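Asker: Contents of model-v1.txt (compact mmCIF, C-alpha atoms and all ligand atoms) are given next:
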```
# COMPACT_ATOMS: atom_id res chain seq x y z
CA MET W 265 85.24 132.55 58.04
CA ARG W 266 85.89 134.89 60.95
CA SER W 267 89.50 135.33 62.05
CA ILE W 268 90.41 134.88 65.69
CA GLU W 269 89.69 137.94 67.84
CA LEU W 270 92.94 138.93 69.51
CA ASP W 271 91.72 141.70 71.79
CA PRO W 272 93.91 141.39 74.90
CA ASN W 273 90.90 141.96 77.17
CA LEU W 274 89.03 138.93 75.84
CA SER W 275 88.62 135.89 78.07
CA ARG W 276 90.35 133.81 75.40
CA TYR W 277 93.64 134.41 77.20
CA ALA W 278 94.56 132.68 80.46
CA SER W 279 94.11 134.96 83.45
CA ARG W 280 97.83 134.72 84.24
CA THR W 281 98.65 136.71 81.10
CA ARG W 282 96.66 139.70 82.31
CA GLY W 283 99.48 141.41 84.18
CA MET W 284 102.08 140.69 81.51
CA ARG W 285 103.85 143.67 80.01
CA ALA W 286 106.92 144.01 77.85
CA SER W 287 109.90 144.67 80.10
CA GLU W 288 111.17 148.23 79.88
CA ILE W 289 114.49 146.73 78.86
CA ARG W 290 113.03 144.99 75.82
CA ALA W 291 111.10 148.07 74.78
CA LEU W 292 114.34 150.02 75.01
CA PHE W 293 116.37 147.59 72.99
CA ALA W 294 115.24 148.81 69.58
CA VAL W 295 116.34 152.37 70.31
CA ALA W 296 119.34 151.60 72.48
CA THR W 297 121.03 149.48 69.82
CA ARG W 298 121.26 152.38 67.36
CA PRO W 299 124.94 153.12 66.78
CA GLU W 300 124.73 156.79 67.78
CA ILE W 301 123.40 155.87 71.21
CA VAL W 302 125.70 154.86 74.05
CA SER W 303 123.78 152.07 75.67
CA LEU W 304 124.29 151.71 79.39
CA ALA W 305 120.99 149.82 79.35
CA GLY W 306 121.31 146.16 78.32
CA GLY W 307 123.25 143.55 80.25
CA MET W 308 124.91 141.77 77.32
CA PRO W 309 128.12 139.93 78.19
CA PHE W 310 131.12 141.08 76.12
CA THR W 311 131.48 137.88 74.13
CA GLU W 312 134.14 139.46 71.92
CA ALA W 313 136.49 138.63 74.80
CA LEU W 314 136.08 134.94 73.91
CA ASP W 315 138.70 132.99 72.02
CA TYR W 316 136.64 132.28 68.89
CA THR W 317 139.24 129.96 67.40
CA ALA W 318 139.00 127.78 70.48
CA VAL W 319 135.18 127.88 70.40
CA GLY W 320 135.30 126.86 66.73
CA GLU W 321 137.64 123.95 67.44
CA VAL W 322 135.53 122.79 70.35
CA THR W 323 132.35 122.89 68.27
CA ALA W 324 133.96 121.13 65.30
CA GLY W 325 135.40 118.52 67.68
CA VAL W 326 131.94 117.80 69.07
CA ILE W 327 130.54 117.13 65.62
CA ALA W 328 133.55 115.06 64.57
CA ASP W 329 133.62 112.91 67.71
CA SER W 330 130.01 112.80 68.89
CA GLY W 331 127.90 114.03 65.96
CA PRO W 332 125.17 111.37 66.05
CA THR W 333 124.52 111.68 69.80
CA ALA W 334 125.08 115.43 70.02
CA LEU W 335 122.48 115.94 67.29
CA GLN W 336 120.03 113.56 68.97
CA TYR W 337 117.52 114.05 71.84
CA GLY W 338 119.02 113.78 75.30
CA GLY W 339 117.77 113.07 78.82
CA GLY W 340 115.59 115.51 80.77
CA GLN W 341 118.10 116.00 83.57
CA GLY W 342 120.90 116.94 81.19
CA LEU W 343 124.06 115.32 79.85
CA PRO W 344 125.81 113.43 82.71
CA ALA W 345 129.29 114.43 81.50
CA LEU W 346 128.26 118.10 81.44
CA ARG W 347 126.78 117.87 84.93
CA GLU W 348 130.17 116.62 86.11
CA ARG W 349 131.84 119.69 84.63
CA LEU W 350 129.23 122.00 86.15
CA VAL W 351 130.11 120.54 89.51
CA ASP W 352 133.67 121.81 88.84
CA VAL W 353 132.27 125.28 88.14
CA MET W 354 130.39 125.21 91.43
CA ALA W 355 133.54 123.99 93.19
CA ALA W 356 135.38 127.08 91.92
CA GLU W 357 133.04 129.01 94.21
CA GLY W 358 133.30 126.58 97.07
CA VAL W 359 129.92 124.90 96.59
CA PRO W 360 130.04 121.14 96.98
CA ALA W 361 127.56 119.32 94.72
CA SER W 362 127.14 116.00 93.00
CA PRO W 363 126.24 115.70 89.29
CA ASP W 364 123.14 113.90 90.45
CA ASP W 365 121.87 117.05 92.21
CA LEU W 366 121.81 119.06 88.98
CA VAL W 367 119.21 119.68 86.31
CA VAL W 368 120.50 121.40 83.16
CA THR W 369 118.22 124.17 81.89
CA THR W 370 117.99 126.69 79.06
CA GLY W 371 120.05 129.29 80.86
CA GLY W 372 119.40 130.35 84.43
CA GLN W 373 116.21 131.97 83.17
CA GLN W 374 114.48 128.66 82.53
CA ALA W 375 115.58 127.43 85.95
CA ILE W 376 113.86 130.46 87.50
CA ASP W 377 110.76 129.84 85.41
CA LEU W 378 110.60 126.15 86.38
CA ILE W 379 111.02 127.07 90.03
CA GLY W 380 108.10 129.48 89.72
CA LYS W 381 106.05 126.77 88.05
CA LEU W 382 106.95 124.26 90.74
CA PHE W 383 106.16 126.37 93.78
CA CYS W 384 103.82 129.24 92.94
CA ASP W 385 100.03 129.15 92.95
CA PRO W 386 98.10 132.31 92.13
CA GLY W 387 98.31 134.75 95.04
CA ASP W 388 101.35 133.15 96.65
CA VAL W 389 103.92 135.49 98.09
CA VAL W 390 107.55 135.33 96.99
CA LEU W 391 110.17 137.51 98.62
CA ALA W 392 112.95 139.14 96.63
CA GLU W 393 115.40 141.99 97.01
CA GLY W 394 114.12 145.43 96.05
CA PRO W 395 115.20 146.06 93.34
CA SER W 396 115.23 142.57 91.80
CA TYR W 397 116.14 140.86 88.52
CA VAL W 398 113.62 141.70 85.78
CA GLY W 399 113.54 138.12 84.47
CA ALA W 400 112.55 136.78 87.89
CA ILE W 401 109.85 139.42 88.33
CA GLY W 402 108.39 138.40 84.96
CA ALA W 403 108.68 134.65 85.58
CA PHE W 404 107.02 134.70 88.98
CA ALA W 405 104.35 137.14 87.79
CA ALA W 406 103.46 134.65 85.04
CA TYR W 407 102.51 132.20 87.81
CA GLN W 408 100.48 134.97 89.45
CA ALA W 409 102.70 135.15 92.51
CA GLU W 410 102.88 138.40 94.44
CA MET W 411 106.44 139.62 94.82
CA VAL W 412 107.17 141.37 98.10
CA HIS W 413 110.46 143.25 98.11
CA VAL W 414 113.02 143.30 100.90
CA PRO W 415 115.15 146.47 100.94
CA MET W 416 118.91 146.45 100.45
CA ASP W 417 121.82 148.68 101.34
CA ALA W 418 125.50 148.61 100.42
CA GLN W 419 125.86 145.24 102.21
CA GLY W 420 123.00 143.67 100.25
CA LEU W 421 119.63 142.52 101.50
CA ILE W 422 118.85 143.74 105.04
CA PRO W 423 118.20 140.72 107.30
CA ALA W 424 116.10 142.67 109.83
CA ALA W 425 113.82 143.77 107.00
CA LEU W 426 113.51 140.16 105.84
CA ALA W 427 112.49 139.06 109.34
CA GLU W 428 110.03 141.94 109.50
CA ARG W 429 108.41 140.92 106.20
CA LEU W 430 108.10 137.32 107.36
CA ASP W 431 106.56 138.37 110.68
CA ALA W 432 104.11 140.66 108.91
CA LEU W 433 103.06 137.79 106.62
CA ALA W 434 102.68 135.43 109.58
CA ALA W 435 100.50 138.01 111.36
CA THR W 436 98.03 137.72 108.47
CA GLN W 437 98.27 133.91 108.27
CA ARG W 438 100.32 134.05 105.10
CA ARG W 439 103.76 132.71 104.40
CA ALA W 440 106.27 133.23 101.65
CA LYS W 441 106.86 130.36 99.25
CA PHE W 442 110.52 131.28 99.01
CA LEU W 443 113.10 134.05 99.03
CA TYR W 444 114.62 134.67 95.60
CA THR W 445 118.00 136.34 95.97
CA VAL W 446 121.10 137.24 93.94
CA PRO W 447 123.72 137.53 96.69
CA ASN W 448 126.73 138.24 94.45
CA HIS W 449 127.05 141.45 92.42
CA GLN W 450 123.31 141.72 92.25
CA ASN W 451 121.43 142.61 89.09
CA PRO W 452 120.48 145.46 89.13
CA ALA W 453 121.85 146.93 92.38
CA GLY W 454 125.53 145.98 91.94
CA VAL W 455 125.98 145.06 95.61
CA SER W 456 126.91 141.81 97.34
CA LEU W 457 125.60 140.28 100.52
CA SER W 458 128.21 140.43 103.30
CA LEU W 459 129.34 137.19 104.92
CA ALA W 460 127.79 138.11 108.27
CA ARG W 461 124.48 138.79 106.54
CA ARG W 462 124.62 135.49 104.65
CA ARG W 463 124.63 133.74 107.99
CA GLU W 464 121.84 135.96 109.34
CA VAL W 465 119.65 135.42 106.28
CA LEU W 466 120.05 131.67 106.59
CA GLU W 467 119.33 131.74 110.28
CA ILE W 468 116.10 133.60 109.55
CA ALA W 469 115.32 131.10 106.78
CA TYR W 470 115.70 128.19 109.20
CA ARG W 471 113.66 129.95 111.87
CA HIS W 472 110.79 130.61 109.44
CA ASP W 473 111.14 127.38 107.46
CA LEU W 474 111.78 129.49 104.38
CA LEU W 475 113.13 128.03 101.15
CA VAL W 476 115.88 130.12 99.54
CA ILE W 477 116.49 130.37 95.79
CA GLU W 478 120.03 131.55 95.22
CA ASP W 479 120.68 132.85 91.72
CA ASN W 480 124.39 133.25 91.13
CA PRO W 481 125.33 134.29 87.58
CA TYR W 482 127.99 136.82 88.62
CA GLY W 483 129.79 135.17 91.56
CA LEU W 484 132.92 134.33 89.57
CA LEU W 485 133.07 137.82 88.09
CA ASP W 486 134.48 139.44 91.20
CA PHE W 487 137.06 142.02 90.12
CA LYS W 488 139.57 140.80 92.68
CA ALA W 489 138.65 137.15 92.16
CA GLU W 490 137.41 137.05 95.76
CA VAL W 491 134.91 134.33 96.49
CA ARG W 492 132.13 134.84 99.00
CA PRO W 493 130.66 131.53 100.11
CA PRO W 494 127.38 131.03 98.29
CA LEU W 495 124.34 130.45 100.51
CA ARG W 496 124.12 126.94 99.10
CA ALA W 497 127.58 126.17 100.53
CA LEU W 498 126.45 127.35 103.96
CA ALA W 499 123.06 125.61 103.95
CA PRO W 500 122.76 122.92 101.24
CA ASP W 501 119.46 121.59 102.60
CA ARG W 502 117.73 124.98 102.55
CA VAL W 503 118.93 126.51 99.28
CA LEU W 504 118.16 125.83 95.61
CA TYR W 505 121.11 127.06 93.60
CA VAL W 506 120.74 128.46 90.09
CA GLY W 507 123.88 128.68 87.95
CA THR W 508 124.62 129.64 84.37
CA LEU W 509 127.44 129.64 81.84
CA SER W 510 126.05 132.83 80.25
CA LYS W 511 128.39 135.26 81.99
CA ILE W 512 131.52 133.12 82.25
CA PHE W 513 131.33 131.56 78.77
CA SER W 514 128.47 132.42 76.43
CA PRO W 515 124.79 133.35 76.77
CA GLY W 516 124.23 132.06 73.24
CA ILE W 517 124.75 128.44 74.21
CA ARG W 518 121.91 128.75 76.76
CA VAL W 519 123.27 126.43 79.42
CA GLY W 520 122.17 126.96 83.00
CA TRP W 521 121.35 124.63 85.83
CA VAL W 522 119.65 124.13 89.18
CA ALA W 523 121.15 122.24 92.10
CA ALA W 524 118.35 120.92 94.28
CA PRO W 525 117.66 118.29 96.92
CA GLU W 526 116.49 115.01 95.36
CA PRO W 527 112.68 115.27 95.65
CA ILE W 528 112.71 118.81 94.24
CA ARG W 529 115.21 117.80 91.57
CA ASP W 530 112.91 115.00 90.41
CA LYS W 531 109.99 117.38 90.06
CA LEU W 532 112.15 119.87 88.17
CA VAL W 533 113.15 117.14 85.71
CA LEU W 534 109.46 116.39 85.06
CA LEU W 535 108.74 120.08 84.52
CA LYS W 536 111.77 120.44 82.26
CA GLU W 537 110.62 117.50 80.14
CA ALA W 538 107.12 118.97 79.95
CA ALA W 539 108.56 122.29 78.83
CA ASP W 540 110.99 121.21 76.11
CA LEU W 541 111.76 117.47 76.50
CA CYS W 542 115.46 118.16 77.00
CA GLN W 543 118.12 120.79 76.83
CA SER W 544 119.83 121.28 73.44
CA ASN W 545 122.15 118.31 73.31
CA LEU W 546 124.47 120.06 70.89
CA THR W 547 125.19 123.02 73.15
CA GLN W 548 125.52 120.70 76.14
CA TYR W 549 128.23 118.81 74.30
CA VAL W 550 129.95 122.07 73.35
CA ALA W 551 129.79 123.32 76.94
CA GLU W 552 131.09 120.01 78.25
CA ARG W 553 134.01 120.03 75.86
CA TRP W 554 134.74 123.70 76.54
CA LEU W 555 134.92 123.13 80.27
CA GLY W 556 136.80 119.85 79.85
CA THR W 557 139.46 120.86 77.32
CA GLN W 558 139.88 124.64 77.58
CA PRO W 559 141.42 126.81 80.31
CA TRP W 560 137.97 128.14 81.14
CA LEU W 561 139.07 129.81 84.36
CA ARG W 562 141.54 131.84 82.30
CA GLN W 563 138.60 132.95 80.17
CA VAL W 564 136.74 133.98 83.33
CA ASP W 565 139.80 135.99 84.27
CA ALA W 566 139.81 137.69 80.87
CA TYR W 567 136.15 138.66 81.34
CA ARG W 568 136.92 139.90 84.84
CA GLN W 569 139.66 142.25 83.56
CA VAL W 570 137.38 143.65 80.86
CA TYR W 571 134.55 144.33 83.28
CA ARG W 572 136.78 145.75 86.00
CA GLU W 573 138.27 148.27 83.60
CA ARG W 574 134.81 149.25 82.36
CA CYS W 575 133.44 149.56 85.86
CA GLU W 576 136.35 151.82 86.85
CA ALA W 577 135.66 154.00 83.81
CA LEU W 578 132.00 154.29 84.77
CA LEU W 579 132.58 155.01 88.46
CA GLY W 580 135.35 157.53 87.72
CA GLU W 581 133.19 159.46 85.30
CA LEU W 582 130.12 159.39 87.55
CA GLY W 583 132.24 160.91 90.33
CA ALA W 584 133.56 163.59 88.02
CA GLU W 585 130.39 164.52 86.17
CA LEU W 586 127.15 163.92 88.05
CA PRO W 587 125.41 166.72 89.91
CA PRO W 588 125.26 166.77 93.72
CA GLY W 589 122.39 164.75 95.12
CA CYS W 590 123.11 161.67 92.99
CA SER W 591 124.41 158.56 94.72
CA TRP W 592 125.35 155.16 93.36
CA SER W 593 126.53 151.69 94.28
CA GLU W 594 130.21 150.80 93.96
CA PRO W 595 130.28 147.26 92.58
CA THR W 596 133.16 144.91 93.23
CA GLY W 597 132.14 142.67 90.34
CA GLY W 598 129.35 141.88 87.88
CA PHE W 599 127.81 144.19 85.30
CA PHE W 600 125.75 146.91 87.01
CA VAL W 601 125.73 150.19 88.92
CA TRP W 602 122.54 151.38 90.61
CA LEU W 603 122.03 155.12 90.57
CA ARG W 604 119.76 157.17 92.81
CA LEU W 605 118.73 160.57 91.43
CA PRO W 606 118.25 163.80 93.36
CA ALA W 607 114.79 164.38 94.84
CA GLY W 608 112.21 165.47 92.31
CA LEU W 609 113.69 163.59 89.35
CA ASP W 610 111.95 160.60 87.77
CA SER W 611 114.14 158.19 85.76
CA GLY W 612 111.20 157.05 83.62
CA GLU W 613 110.25 160.60 82.67
CA LEU W 614 113.87 161.49 81.95
CA LEU W 615 114.49 158.62 79.59
CA ALA W 616 113.21 160.38 76.47
CA LYS W 617 115.56 163.30 77.14
CA ALA W 618 118.45 160.93 77.73
CA LEU W 619 117.77 159.14 74.46
CA ARG W 620 117.69 162.47 72.65
CA ALA W 621 121.07 163.13 74.25
CA ARG W 622 122.11 159.71 72.84
CA VAL W 623 122.51 157.72 76.01
CA ALA W 624 120.33 154.88 77.31
CA TYR W 625 119.77 153.39 80.75
CA VAL W 626 117.02 151.31 82.34
CA PRO W 627 114.56 153.19 84.58
CA GLY W 628 114.35 151.84 88.12
CA ARG W 629 110.66 150.95 88.00
CA ALA W 630 111.47 147.96 85.75
CA PHE W 631 113.12 146.28 88.73
CA TYR W 632 110.25 146.44 91.19
CA ALA W 633 107.01 144.50 91.09
CA ASP W 634 105.26 147.15 93.19
CA GLY W 635 105.75 150.24 91.03
CA SER W 636 108.48 151.86 93.13
CA GLY W 637 111.93 152.86 91.83
CA ALA W 638 111.04 156.14 90.09
CA GLN W 639 114.07 157.93 91.51
CA GLU W 640 116.48 155.13 90.59
CA LEU W 641 118.00 153.67 87.45
CA ARG W 642 120.40 150.97 86.31
CA LEU W 643 123.60 151.59 84.40
CA SER W 644 125.44 148.64 82.91
CA PHE W 645 129.14 148.72 82.10
CA CYS W 646 129.54 145.27 80.55
CA PHE W 647 129.27 146.02 76.85
CA PRO W 648 130.58 149.41 75.64
CA PRO W 649 134.34 150.04 75.77
CA PRO W 650 135.61 152.46 78.47
CA GLU W 651 135.75 155.54 76.27
CA ARG W 652 132.14 155.06 75.14
CA ILE W 653 131.11 154.55 78.74
CA ARG W 654 132.73 157.86 79.72
CA GLU W 655 131.03 159.58 76.80
CA GLY W 656 127.69 158.06 77.85
CA VAL W 657 128.08 159.34 81.39
CA ARG W 658 128.95 162.83 80.13
CA ARG W 659 125.77 162.82 78.05
CA LEU W 660 123.71 161.61 80.98
CA ALA W 661 125.31 164.15 83.30
CA GLU W 662 124.34 166.98 80.98
CA VAL W 663 120.71 165.89 81.06
CA LEU W 664 120.78 165.55 84.85
CA HIS W 665 122.41 168.95 85.41
CA GLY W 666 119.69 170.51 83.25
CA GLU W 667 116.96 168.75 85.24
CA VAL W 668 118.43 169.70 88.60
CA GLU W 669 118.54 173.32 87.45
CA LEU W 670 114.95 173.11 86.33
CA VAL W 671 113.77 171.63 89.64
CA ARG W 672 115.71 174.31 91.51
CA ALA W 673 114.19 177.07 89.38
CA LEU W 674 110.69 175.70 89.95
CA TYR W 675 110.84 174.75 93.60
CA GLY W 676 113.93 176.44 95.05
CA ASP W 677 116.56 174.63 97.11
CA ALA W 678 114.18 173.41 99.78
C1 LIG C 701 120.32 137.72 88.05
C2 LIG C 701 120.17 136.97 86.78
N1 LIG C 701 119.66 135.74 86.79
C3 LIG C 701 119.50 135.02 85.67
C4 LIG C 701 119.85 135.54 84.45
C5 LIG C 701 119.57 134.71 83.24
O1 LIG C 701 120.65 134.45 82.50
P1 LIG C 701 120.71 133.19 81.51
O2 LIG C 701 119.32 132.72 81.27
O3 LIG C 701 121.37 133.70 80.30
O4 LIG C 701 121.51 132.18 82.24
C6 LIG C 701 120.39 136.84 84.36
C7 LIG C 701 120.72 137.44 83.07
O5 LIG C 701 120.96 138.59 82.92
C8 LIG C 701 120.57 137.57 85.57
O6 LIG C 701 121.10 138.79 85.58
```
Would you mind giving the structure from this file in structure tokens?
Ligand SMILES: Cc1ncc(COP(=O)(O)O)c(C=O)c1O
Answerer:
Amino acid sequence: MRSIELDPNLSRYASRTRGMRASEIRALFAVATRPEIVSLAGGMPFTEALDYTAVGEVTAGVIADSGPTALQYGGGQGLPALRERLVDVMAAEGVPASPDDLVVTTGGQQAIDLIGKLFCDPGDVVLAEGPSYVGAIGAFAAYQAEMVHVPMDAQGLIPAALAERLDALAATQRRAKFLYTVPNHQNPAGVSLSLARRREVLEIAYRHDLLVIEDNPYGLLDFKAEVRPPLRALAPDRVLYVGTLSKIFSPGIRVGWVAAPEPIRDKLVLLKEAADLCQSNLTQYVAERWLGTQPWLRQVDAYRQVYRERCEALLGELGAELPPGCSWSEPTGGFFVWLRLPAGLDSGELLAKALRARVAYVPGRAFYADGSGAQELRLSFCFPPPERIREGVRRLAEVLHGEVELVRALYGDA
């Protein structure tokens, strides 16, 4: 008997798999997790900041009190009691919602995937910040959508550029299916959309009848605990809101959600059931009990302190060590700093040298669907302790100084 031919070029595979490639982040993981390497690459939450005794008690309590149901199948929309708690989480950011609006998903990532599945036909255009979240680029690419980027600056996505993109699409009889945006402490750029721009973006969305997907994993992780009104709070009828407990509790429990108007919500429930029948009931019970019995906002505060200290360590060392010509974002929350290299340097080409110098980052190209980003890279400060972060920056700085010297020797100062 002949075994199945697995040549990737064969027509056996669906055409949507053709553009699929391992994300640069995943490819990096194997190397970056070696102990001698300071990884400023991955975006893993620092779950050691959790109170494990409390998590243990919560989990044991779920089994003791609700074992038979928690270990059973659940409904496609998600546990009603959990949806009530998730409404509290949204309220902490000033977003009114009803438990009925929500669909619980396997992290925010599945919400993004289901949204892609719901709206995107092959060739459809979706708009997103440039750079954008790798997981969204991959999810929408799997539905063969074309991602068109909208540039950002220190105030986040640039509304005039969004309007320009929409006009250009209209001029060719095309329209965007939606705008996917991360307005708070964006991954990877580490910037937040200003309040004035939030209003402008929504005004443009209304004018162009554009649906907005707001992905908000980092909103509560503002270093000063400031809350910027989410787009959903400003325009509930125009915005699908994606939330997650990954960054404020645990990514391991895989609880995320979408808040959507009723007709869209119903379709999302059908897609969710088709994908995996229902969310893990066990982790929904754990999440519900965590939010219901524990001082979860105090935990968010603990995370905030950890990340603020790490971010300060990173920014301080970048300022002290990097060669002239580098520039970077100055986050006020979240996990990431976006670094722009001096002209002539390519973050993808430099990665091997950086790894030899025992520091890892993610090259900028991973965050664009159109191949740009060569001169940029992402540094994350969420996982290593401050001293390791400083050491990582010193290692990176040495590589960059060497490269700048080389470029100068080859091409002069011009
Ligand atoms: C912007 C953004 N959206 C969504 C996610 C997905 O997170 P999860 O699926 O763990 O909720 C992440 C994770 O890094 C993210 O950065």
Asker: Could you pull the residues within 6 Å of Gly420 of chain W, counting all atoms listed in the file, minus those fewer than 6 positions along the same chain, as a ChimeraX atom specification?
Answerer: /W:455-457
Asker: Using C-alpha atoms, can you write the selected residues to a file as a PDB file, in the coordinates of the input?
Answerer:
```pdb
ATOM      1  CA  VAL W 455     125.980 145.060  95.610  1.00  0.00           C
ATOM      2  CA  SER W 456     126.910 141.810  97.340  1.00  0.00           C
ATOM      3  CA  LEU W 457     125.600 140.280 100.520  1.00  0.00           C
TER       4      LEU W 457
END
```
Asker: Give me the chain W side of the contact with ligand LIG 701 (chain C), cut-off 7 Å, one line per residue showing its nearest atom pair and distance in Å at one decimal, counting only C-alpha atoms and all ligand atoms, sorted by chain and residue number, as a Markdown table.
Answerer:
```
| residue | atom | partner | partner_atom | distance |
| --- | --- | --- | --- | --- |
| W:Gly307 | CA | C:LIG701 | O5 | 6.1 |
| W:Thr370 | CA | C:LIG701 | O2 | 6.6 |
| W:Gly371 | CA | C:LIG701 | O4 | 3.5 |
| W:Gly372 | CA | C:LIG701 | O4 | 3.5 |
| W:Gln373 | CA | C:LIG701 | O2 | 3.7 |
| W:Gln374 | CA | C:LIG701 | O2 | 6.4 |
| W:Tyr397 | CA | C:LIG701 | C1 | 5.2 |
| W:Gly399 | CA | C:LIG701 | C4 | 6.8 |
| W:Val446 | CA | C:LIG701 | C1 | 6.0 |
| W:Gln450 | CA | C:LIG701 | C1 | 6.5 |
| W:Asn451 | CA | C:LIG701 | C1 | 5.1 |
| W:Asp479 | CA | C:LIG701 | N1 | 5.8 |
| W:Asn480 | CA | C:LIG701 | C1 | 6.8 |
| W:Pro481 | CA | C:LIG701 | C2 | 5.9 |
| W:Thr508 | CA | C:LIG701 | O4 | 4.5 |
| W:Leu509 | CA | C:LIG701 | O4 | 6.5 |
| W:Ser510 | CA | C:LIG701 | O3 | 4.8 |
| W:Pro515 | CA | C:LIG701 | O3 | 4.9 |
| W:Arg518 | CA | C:LIG701 | O3 | 6.1 |
| W:Val519 | CA | C:LIG701 | O4 | 6.6 |
| W:Gly520 | CA | C:LIG701 | O4 | 5.3 |
```
Asker: So that I have them on file, write out the residues from the current selection with C-alpha atoms, as a PDB file, keeping the file's coordinate frame.
Answerer:
```
ATOM      1  CA  GLY W 307     123.250 143.550  80.250  1.00  0.00           C
ATOM      2  CA  THR W 370     117.990 126.690  79.060  1.00  0.00           C
ATOM      3  CA  GLY W 371     120.050 129.290  80.860  1.00  0.00           C
ATOM      4  CA  GLY W 372     119.400 130.350  84.430  1.00  0.00           C
ATOM      5  CA  GLN W 373     116.210 131.970  83.170  1.00  0.00           C
ATOM      6  CA  GLN W 374     114.480 128.660  82.530  1.00  0.00           C
ATOM      7  CA  TYR W 397     116.140 140.860  88.520  1.00  0.00           C
ATOM      8  CA  GLY W 399     113.540 138.120  84.470  1.00  0.00           C
ATOM      9  CA  VAL W 446     121.100 137.240  93.940  1.00  0.00           C
ATOM     10  CA  GLN W 450     123.310 141.720  92.250  1.00  0.00           C
ATOM     11  CA  ASN W 451     121.430 142.610  89.090  1.00  0.00           C
ATOM     12  CA  ASP W 479     120.680 132.850  91.720  1.00  0.00           C
ATOM     13  CA  ASN W 480     124.390 133.250  91.130  1.00  0.00           C
ATOM     14  CA  PRO W 481     125.330 134.290  87.580  1.00  0.00           C
ATOM     15  CA  THR W 508     124.620 129.640  84.370  1.00  0.00           C
ATOM     16  CA  LEU W 509     127.440 129.640  81.840  1.00  0.00           C
ATOM     17  CA  SER W 510     126.050 132.830  80.250  1.00  0.00           C
ATOM     18  CA  PRO W 515     124.790 133.350  76.770  1.00  0.00           C
ATOM     19  CA  ARG W 518     121.910 128.750  76.760  1.00  0.00           C
ATOM     20  CA  VAL W 519     123.270 126.430  79.420  1.00  0.00           C
ATOM     21  CA  GLY W 520     122.170 126.960  83.000  1.00  0.00           C
TER      22      GLY W 520
END
```
Asker: Can you sort out the box for segment 330-333 of chain W, edges along x, y and z, all listed atoms in, 5 Å on every side, with centre and edge lengths in Å to one decimal, as AutoDock Vina command-line options?
Answerer:
```
--center_x 127.3 --center_y 112.7 --center_z 67.9 --size_x 15.5 --size_y 12.7 --size_z 13.8
```
Asker: Determine the nearest neighbour of Cys384 of chain W from the options W:Tyr632, W:Tyr337, W:Phe310, W:Phe442, counting all atoms listed in the file.
Answerer: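 For Cys384 of chain W, the nearest of the candidates is W:Phe442.
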Asker: With distances taken over all atoms listed in the file, which of W:Glu655, W:Asp417, W:Asp431, W:Asp473 is nearest to Gly580 of chain W?
Answerer: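 The answer is W:Glu655, which sits nearest to Gly580 of chain W.
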Asker: When you count all atoms listed in the file, which of these residues is closest to Glu464 of chain W: W:Ala440, W:Leu609, W:Ala427, W:Ala435?
Answerer: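 Under the stated criterion, the closest residue is W:Ala427.
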Asker: For each of W:Leu615, W:Glu357, W:Gln563, W:Asp377, take the minimum atom-to-atom distance to Pro493 of chain W, counting all atoms listed in the file, then give the residue where this is smallest.
Answerer: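 Checking each candidate against Pro493 of chain W, we get W:Glu357 as the closest.
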Asker: Can you pull out every residue within 9 Å of Gly608 of chain W, counting all atoms listed in the file, but drop anything in the same chain fewer than 3 positions away, and send it as a ChimeraX atom specification?
Answerer: /W:605,639,668,671
Asker: What is the distance, in Å and to one decimal place, between atom CA of Leu578 of chain W and atom CA of Asp565 of chain W?
Answerer: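 Interatomic distance here is 19.9 Å.
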Asker: Counting all atoms listed in the file, which residue out of W:Ala497, W:Leu586, W:Leu664, W:Leu579 sits closest to Lys617 of chain W?
Answerer: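 Result for the nearest residue to Lys617 of chain W: W:Leu664.
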Asker: Counting all atoms listed in the file, what is within 9 Å of Ala345 of chain W, bar same-chain residues fewer than 6 positions away, as an NGL selection string?
Answerer: :W and (363 or 549 or 552)
Asker: Which residue gives the smallest distance to Val550 of chain W among W:Glu594, W:His472, W:Phe513, W:Pro386, with only C-alpha atoms counted?
Answerer: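 Using only C-alpha atoms, Val550 of chain W sits closest to W:Phe513.
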Asker: Can you pull out the residues contacting Val295 of chain W? Cut-off 9 Å, using only C-alpha atoms, and skip same-chain residues under 6 positions away; I want them as a PDB file with C-alpha atoms, keeping the file's coordinate frame.
Answerer:
```pdb
ATOM      1  CA  ILE W 301     123.400 155.870  71.210  1.00  0.00           C
ATOM      2  CA  LEU W 619     117.770 159.140  74.460  1.00  0.00           C
ATOM      3  CA  ALA W 624     120.330 154.880  77.310  1.00  0.00           C
TER       4      ALA W 624
END
```
Asker: Pull the closest atom pair for each residue of segment 277-346 of chain W that gets at most 8 Å from segment 643-647 of chain W, along with the distance in Å to one decimal, counting all atoms listed in the file, ordering rows by chain and then ascending residue number, as a tab-separated table.
Answerer:
```
residue	atom	partner	partner_atom	distance
W:Leu304	CA	W:Ser644	CA	4.8
W:Ala305	CA	W:Ser644	CA	5.8
W:Gly306	CA	W:Ser644	CA	6.7
W:Gly307	CA	W:Ser644	CA	6.1
W:Met308	CA	W:Phe647	CA	6.1
W:Pro309	CA	W:Cys646	CA	6.0
W:Phe310	CA	W:Phe647	CA	5.3
```
Asker: Find the distance between atom CA of Ala405 of chain W and atom CA of Ser636 of chain W and write it in Å to one decimal.
Answerer: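 Separation between atom CA of Ala405 of chain W and atom CA of Ser636 of chain W: 16.2 Å.
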Asker: Quick one: pull the distance between atom CA of Gln558 of chain W and atom CA of Leu350 of chain W, Å, one decimal.
Answerer: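 Atom-to-atom, atom CA of Gln558 of chain W to atom CA of Leu350 of chain W, that is 13.9 Å.
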